Amino acid sequence: MTSIQENQAYKEAEVWWSTEQNPRDRAWFDHSMPIKHKLETRESLIFTAPSAIDIPTITVFPDLSFQEILGIGTSVEESTIYNLSQMTADKQEEIYAWLLDPSSGVGFNLMRITLGTSDFTAQTFYSYNDLEEGETDFSLARFSIQKDIDLGIVSTLKRMLEISPDMQIFASSWSPPAWMKTSGSLKKGQLKEGNAYIEVLAEYYRKAIQAYQEQGIELYAITLQNEPLLEIDYPSCYMSPERQRELIIALKKELDAYQLHTKIWIFDHNFSDGWMYVCPILNDKEGYEATDGIAFHDYDGEPAIMSEIKGAYPDKTIHLTERSIWGVAAADRIAQYFRNWASSYNAWVTMLDSNIGTHQWVGIPDPTLIVQDANHRDEYWMTPEFFLTGQFSKFIQRGARRVESNYGSSSTVTNVAFLNPDNTLVVVVINQTDEEQPFRIVADREQIHAALPPKTAATYRWKRA
């Protein structure tokens, strides 16, 4: 990799390319396919004085900055951990390096875990306080994360933190324990009425945070209910915004009482319902004070909602906590997340096997970032989305700020730009068309002239003066 010398400010920009290949094709579960560019290092580009060139121009304003970036990553749900556990130790280390190493891999630094079970698991659904039908445990005397220990979830996270000590982890619950719910099951239902259930669920989350802390794993943030507007035939729980407001206020009191600093992110569902859900929480004084951030999923609606809500509640951070997407259209969508105030992005489900397993979702999943050969567990391959996501995660540092740039056009190129703490500028440019696209990047009175192949994302990085 070409080094950037301090005394060569604005002389050259480093360049990397990744291309799409058969996006979203389930044939990726059958076998690997050739990918033309996989975070490939290209020849550096020389900066020149600006000139009159009639090509699309990306204009970057490095001194006009927006949100601070927390991180980019994926999920460490039990399906992925189960498949990892089927591999030899050496191969597990290879996967960790691909995921976490910013030099040899893609440098993911933000991971999502589940509190108890989710639909992506090879196990029987469980919580941390499972009881026989008809029993209750308001003292949480039988609370335990032992299943997370037995299933290798805790040891996996510990190893990842050994490799990448700066990695942050946030956790999401798919369901309260069944005895707290109207359905009497981890599937479907709602939290039972009454303040006693609010208080015991808040204590349950606090104990989960402490239990992980006792294992040497700090949880940076928690979302209280994954997709709270969904009741479905896997762990889920409908939770109205009014009920969630009561819960976050109670949890905040728990965290304060035990001097825990885990942040609380509300909502954790689709753009389309964002306004409806966050207003009853954030328009309430106690709800507002208890909330640190707002989490979104991208299965319905548009990312612009994040900008609208950020405008209404500018002190709250914005996070895209779940969405797996495919091809250069996905790279453009990630750019849109950041252009609409997201401080983080997480893909959902890291590795299924070639039998599309093991999971208990109600549909058929699309290709994951990594696919394991179900017949030869030490063999695996990356989909193009692994490298396309790496066009962001490998180069955008924690603490970076998104900076102003004109978005461009899907008929030519689109982009998003960042200024890293080490004073490097990073511009990710996406060509969604079927033709090579010429363009230039103009910043601080200099320019680079580039051309991007069809269906390719590129990252340009250089040191500011």
# chains A, B, ... in the order shown; residues from 1 in each chain; ligands from 1
$ residues_around --residues "A:Asp373" --least-positions-apart "3" --cutoff "10 Å" --atoms "only C-alpha atoms" --output "VMD selection string"
chain A and resid 29 to 32 83 352 to 356 376 to 381
$ residues_around --residues "A:Ile318" --least-positions-apart "6" --cutoff "6 Å" --atoms "only C-alpha atoms" --output "number ranges by chain"
A: 293-294, 342-343
$ closest_residue --among "A:Thr412, A:Gln215, A:Thr124, A:Asn420" --to "A:Trp462" --atoms "only C-alpha atoms"
A:Asn420
$ residues_around --residues "A:Met276" --least-positions-apart "4" --cutoff "9 Å" --atoms "only C-alpha atoms" --output "list in words"
Pro241, Ser272 and Pro280 of chain A
$ closest_residue --among "A:Ile113, A:Phe418, A:Gly71, A:Glu227" --to "A:Glu404" --atoms "only C-alpha atoms"
A:Phe418
$ select_by_dssp --residues "stretch 338-463 of chain A" --states "helix (DSSP H, G or I)" --output "JSON, numbers by chain"
{"A": [338, 339, 384, 385, 386, 387, 388, 389, 390, 391, 392, 393]}
$ closest_residue --among "A:His261, A:Tyr234, A:Met382, A:Ile69" --to "A:Thr317" --atoms "only C-alpha atoms"
A:Ile69
$ residues_around --residues "A:Gln360" --least-positions-apart "6" --cutoff "10 Å" --atoms "only C-alpha atoms" --output "ChimeraX atom specification"
/A:79,118-125,233-235
$ closest_residue --among "A:Ser51, A:Gln437, A:Ser164, A:Ser144" --to "A:Tyr212" --atoms "only C-alpha atoms"
A:Ser144
$ atom_distance --atom1 "atom CA of A:Phe170" --atom2 "atom CA of A:Lys310"
20.8 Å
$ closest_residue --among "A:Ala211, A:Leu425, A:Ile430, A:Leu452" --to "A:Asp63" --atoms "only C-alpha atoms"
A:Leu425
$ residues_around --residues "A:Ser409" --least-positions-apart "4" --cutoff "10 Å" --atoms "only C-alpha atoms" --output "mmCIF file with C-alpha atoms, in the first residue's frame"
data_model
loop_
_atom_site.group_PDB
_atom_site.id
_atom_site.type_symbol
_atom_site.label_atom_id
_atom_site.label_comp_id
_atom_site.auth_asym_id
_atom_site.auth_seq_id
_atom_site.Cartn_x
_atom_site.Cartn_y
_atom_site.Cartn_z
ATOM 1 C CA PRO A 56 -19.362 15.230 -13.462
ATOM 2 C CA VAL A 413 -21.632 8.582 -9.998
ATOM 3 C CA THR A 414 -22.744 9.149 -6.399
ATOM 4 C CA ASN A 415 -20.603 9.617 -3.311
ATOM 5 C CA ILE A 430 -20.229 4.552 -6.662
ATOM 6 C CA ASN A 431 -20.904 3.845 -10.345
ATOM 7 C CA GLN A 432 -24.237 2.036 -10.698
#
$ residues_around --residues "stretch 17-20 of chain A" --least-positions-apart "3" --cutoff "8 Å" --atoms "only C-alpha atoms" --output "list in words"
Pro23, Ile35, Lys36, His37, Lys38, Leu39, Glu40, Thr41, Arg42, Gly327, Val328, Pro384, Glu385, Phe387, Leu388, Gln391, Lys455, Thr456, Ala457, Ala458 and Thr459 of chain A
$ closest_residue --among "A:Leu282, A:Asn129, A:Pro454, A:Asp422" --to "A:Glu435" --atoms "only C-alpha atoms"
A:Pro454
$ residues_around --residues "A:Tyr197" --least-positions-apart "4" --cutoff "12 Å" --atoms "only C-alpha atoms" --output "PDB file with N, CA and C atoms, in the first residue's frame"
ATOM      1  N   THR A 136     -43.610 -17.297  37.717  1.00  0.00           N
ATOM      2  CA  THR A 136     -43.073 -15.942  37.593  1.00  0.00           C
ATOM      3  C   THR A 136     -41.794 -15.841  38.419  1.00  0.00           C
ATOM      4  N   ASP A 137     -41.017 -14.813  38.144  1.00  0.00           N
ATOM      5  CA  ASP A 137     -39.746 -14.627  38.861  1.00  0.00           C
ATOM      6  C   ASP A 137     -39.422 -13.131  38.899  1.00  0.00           C
ATOM      7  N   PHE A 138     -40.232 -12.380  39.645  1.00  0.00           N
ATOM      8  CA  PHE A 138     -40.038 -10.930  39.678  1.00  0.00           C
ATOM      9  C   PHE A 138     -38.726 -10.524  40.361  1.00  0.00           C
ATOM     10  N   SER A 139     -38.153 -11.413  41.140  1.00  0.00           N
ATOM     11  CA  SER A 139     -36.851 -11.115  41.746  1.00  0.00           C
ATOM     12  C   SER A 139     -35.696 -11.461  40.804  1.00  0.00           C
ATOM     13  N   LEU A 140     -36.024 -12.106  39.672  1.00  0.00           N
ATOM     14  CA  LEU A 140     -35.027 -12.558  38.687  1.00  0.00           C
ATOM     15  C   LEU A 140     -33.960 -13.442  39.333  1.00  0.00           C
ATOM     16  N   PRO A 176     -38.835 -10.147  25.472  1.00  0.00           N
ATOM     17  CA  PRO A 176     -38.705 -10.383  26.916  1.00  0.00           C
ATOM     18  C   PRO A 176     -38.931 -11.863  27.205  1.00  0.00           C
ATOM     19  N   PRO A 177     -38.585 -12.321  28.402  1.00  0.00           N
ATOM     20  CA  PRO A 177     -38.920 -13.697  28.798  1.00  0.00           C
ATOM     21  C   PRO A 177     -40.419 -13.960  28.628  1.00  0.00           C
ATOM     22  N   ALA A 178     -40.736 -15.202  28.294  1.00  0.00           N
ATOM     23  CA  ALA A 178     -42.124 -15.551  27.957  1.00  0.00           C
ATOM     24  C   ALA A 178     -43.093 -15.250  29.088  1.00  0.00           C
ATOM     25  N   TRP A 179     -42.669 -15.421  30.336  1.00  0.00           N
ATOM     26  CA  TRP A 179     -43.589 -15.230  31.459  1.00  0.00           C
ATOM     27  C   TRP A 179     -43.992 -13.771  31.630  1.00  0.00           C
ATOM     28  N   MET A 180     -43.271 -12.857  31.007  1.00  0.00           N
ATOM     29  CA  MET A 180     -43.620 -11.431  31.079  1.00  0.00           C
ATOM     30  C   MET A 180     -44.605 -11.020  29.984  1.00  0.00           C
ATOM     31  N   LYS A 181     -44.957 -11.934  29.085  1.00  0.00           N
ATOM     32  CA  LYS A 181     -45.689 -11.557  27.872  1.00  0.00           C
ATOM     33  C   LYS A 181     -47.115 -12.094  27.856  1.00  0.00           C
ATOM     34  N   THR A 182     -47.965 -11.408  27.108  1.00  0.00           N
ATOM     35  CA  THR A 182     -49.368 -11.812  26.978  1.00  0.00           C
ATOM     36  C   THR A 182     -49.505 -13.137  26.253  1.00  0.00           C
ATOM     37  N   GLN A 190     -47.261  -9.261  23.635  1.00  0.00           N
ATOM     38  CA  GLN A 190     -46.835  -7.960  24.131  1.00  0.00           C
ATOM     39  C   GLN A 190     -46.366  -8.108  25.569  1.00  0.00           C
ATOM     40  N   LEU A 191     -45.677  -7.094  26.054  1.00  0.00           N
ATOM     41  CA  LEU A 191     -45.354  -7.045  27.472  1.00  0.00           C
ATOM     42  C   LEU A 191     -46.653  -6.879  28.251  1.00  0.00           C
ATOM     43  N   LYS A 192     -46.818  -7.640  29.313  1.00  0.00           N
ATOM     44  CA  LYS A 192     -48.048  -7.557  30.088  1.00  0.00           C
ATOM     45  C   LYS A 192     -48.221  -6.166  30.683  1.00  0.00           C
ATOM     46  N   GLU A 193     -49.464  -5.793  30.914  1.00  0.00           N
ATOM     47  CA  GLU A 193     -49.766  -4.483  31.465  1.00  0.00           C
ATOM     48  C   GLU A 193     -49.301  -4.397  32.918  1.00  0.00           C
ATOM     49  N   LEU A 201     -38.596  -5.862  33.608  1.00  0.00           N
ATOM     50  CA  LEU A 201     -37.894  -5.945  32.322  1.00  0.00           C
ATOM     51  C   LEU A 201     -36.706  -4.991  32.292  1.00  0.00           C
ATOM     52  N   ALA A 202     -36.860  -3.803  32.870  1.00  0.00           N
ATOM     53  CA  ALA A 202     -35.723  -2.877  32.966  1.00  0.00           C
ATOM     54  C   ALA A 202     -34.597  -3.504  33.791  1.00  0.00           C
ATOM     55  N   GLU A 203     -34.965  -4.167  34.891  1.00  0.00           N
ATOM     56  CA  GLU A 203     -33.955  -4.836  35.716  1.00  0.00           C
ATOM     57  C   GLU A 203     -33.310  -5.985  34.934  1.00  0.00           C
ATOM     58  N   TYR A 204     -34.099  -6.700  34.152  1.00  0.00           N
ATOM     59  CA  TYR A 204     -33.598  -7.795  33.315  1.00  0.00           C
ATOM     60  C   TYR A 204     -32.517  -7.299  32.353  1.00  0.00           C
ATOM     61  N   ARG A 243     -45.378   2.522  25.608  1.00  0.00           N
ATOM     62  CA  ARG A 243     -44.848   1.491  26.502  1.00  0.00           C
ATOM     63  C   ARG A 243     -43.316   1.507  26.494  1.00  0.00           C
ATOM     64  N   GLN A 244     -42.733   1.741  25.341  1.00  0.00           N
ATOM     65  CA  GLN A 244     -41.277   1.816  25.285  1.00  0.00           C
ATOM     66  C   GLN A 244     -40.754   3.027  26.049  1.00  0.00           C
ATOM     67  N   GLU A 246     -42.034   4.249  28.775  1.00  0.00           N
ATOM     68  CA  GLU A 246     -42.013   3.836  30.179  1.00  0.00           C
ATOM     69  C   GLU A 246     -40.796   2.961  30.466  1.00  0.00           C
ATOM     70  N   LEU A 247     -40.474   2.091  29.522  1.00  0.00           N
ATOM     71  CA  LEU A 247     -39.377   1.152  29.720  1.00  0.00           C
ATOM     72  C   LEU A 247     -38.020   1.845  29.712  1.00  0.00           C
ATOM     73  N   ALA A 250     -37.477   3.663  32.960  1.00  0.00           N
ATOM     74  CA  ALA A 250     -37.154   2.724  34.031  1.00  0.00           C
ATOM     75  C   ALA A 250     -35.736   2.180  33.882  1.00  0.00           C
TER      76      ALA A 250
END
$ decode --residues "stretch 346-387 of chain A" --atoms "C-alpha atoms" --output "PDB file, in the first residue's frame"
ATOM      1  CA  ASN A 346     -24.557  -2.746  10.596  1.00  0.00           C
ATOM      2  CA  ALA A 347     -25.332  -5.546   8.188  1.00  0.00           C
ATOM      3  CA  TRP A 348     -27.538  -8.369   9.445  1.00  0.00           C
ATOM      4  CA  VAL A 349     -26.256 -11.997   9.553  1.00  0.00           C
ATOM      5  CA  THR A 350     -22.583 -12.518   8.766  1.00  0.00           C
ATOM      6  CA  MET A 351     -22.291 -16.159   7.716  1.00  0.00           C
ATOM      7  CA  LEU A 352     -24.800 -18.830   6.748  1.00  0.00           C
ATOM      8  CA  ASP A 353     -23.775 -22.118   5.191  1.00  0.00           C
ATOM      9  CA  SER A 354     -24.376 -23.434   1.681  1.00  0.00           C
ATOM     10  CA  ASN A 355     -27.599 -25.090   2.867  1.00  0.00           C
ATOM     11  CA  ILE A 356     -28.787 -21.556   3.752  1.00  0.00           C
ATOM     12  CA  GLY A 357     -28.532 -22.513   7.397  1.00  0.00           C
ATOM     13  CA  THR A 358     -28.894 -22.603  10.188  1.00  0.00           C
ATOM     14  CA  HIS A 359     -31.733 -20.198  10.938  1.00  0.00           C
ATOM     15  CA  GLN A 360     -35.403 -20.057  11.955  1.00  0.00           C
ATOM     16  CA  TRP A 361     -36.525 -16.989  10.037  1.00  0.00           C
ATOM     17  CA  VAL A 362     -39.871 -17.376   8.280  1.00  0.00           C
ATOM     18  CA  GLY A 363     -38.432 -16.706   4.795  1.00  0.00           C
ATOM     19  CA  ILE A 364     -35.448 -17.774   2.695  1.00  0.00           C
ATOM     20  CA  PRO A 365     -32.421 -15.545   3.363  1.00  0.00           C
ATOM     21  CA  ASP A 366     -30.446 -13.914   0.599  1.00  0.00           C
ATOM     22  CA  PRO A 367     -26.642 -14.329   0.372  1.00  0.00           C
ATOM     23  CA  THR A 368     -24.688 -13.332   3.469  1.00  0.00           C
ATOM     24  CA  LEU A 369     -21.317 -11.562   3.574  1.00  0.00           C
ATOM     25  CA  ILE A 370     -19.582 -14.928   3.998  1.00  0.00           C
ATOM     26  CA  VAL A 371     -20.879 -18.365   2.942  1.00  0.00           C
ATOM     27  CA  GLN A 372     -19.592 -21.576   4.549  1.00  0.00           C
ATOM     28  CA  ASP A 373     -19.509 -24.859   2.636  1.00  0.00           C
ATOM     29  CA  ALA A 374     -21.922 -27.092   4.572  1.00  0.00           C
ATOM     30  CA  ASN A 375     -20.099 -30.233   3.392  1.00  0.00           C
ATOM     31  CA  HIS A 376     -16.581 -28.973   4.124  1.00  0.00           C
ATOM     32  CA  ARG A 377     -16.896 -26.646   7.086  1.00  0.00           C
ATOM     33  CA  ASP A 378     -13.405 -25.158   6.793  1.00  0.00           C
ATOM     34  CA  GLU A 379     -14.126 -23.923   3.277  1.00  0.00           C
ATOM     35  CA  TYR A 380     -15.866 -20.594   2.752  1.00  0.00           C
ATOM     36  CA  TRP A 381     -16.145 -17.744   0.305  1.00  0.00           C
ATOM     37  CA  MET A 382     -16.941 -14.054   0.390  1.00  0.00           C
ATOM     38  CA  THR A 383     -19.755 -12.483  -1.586  1.00  0.00           C
ATOM     39  CA  PRO A 384     -19.082  -9.155  -3.351  1.00  0.00           C
ATOM     40  CA  GLU A 385     -21.006  -7.374  -0.608  1.00  0.00           C
ATOM     41  CA  PHE A 386     -18.209  -8.178   1.837  1.00  0.00           C
ATOM     42  CA  PHE A 387     -15.766  -6.147  -0.235  1.00  0.00           C
TER      43      PHE A 387
END
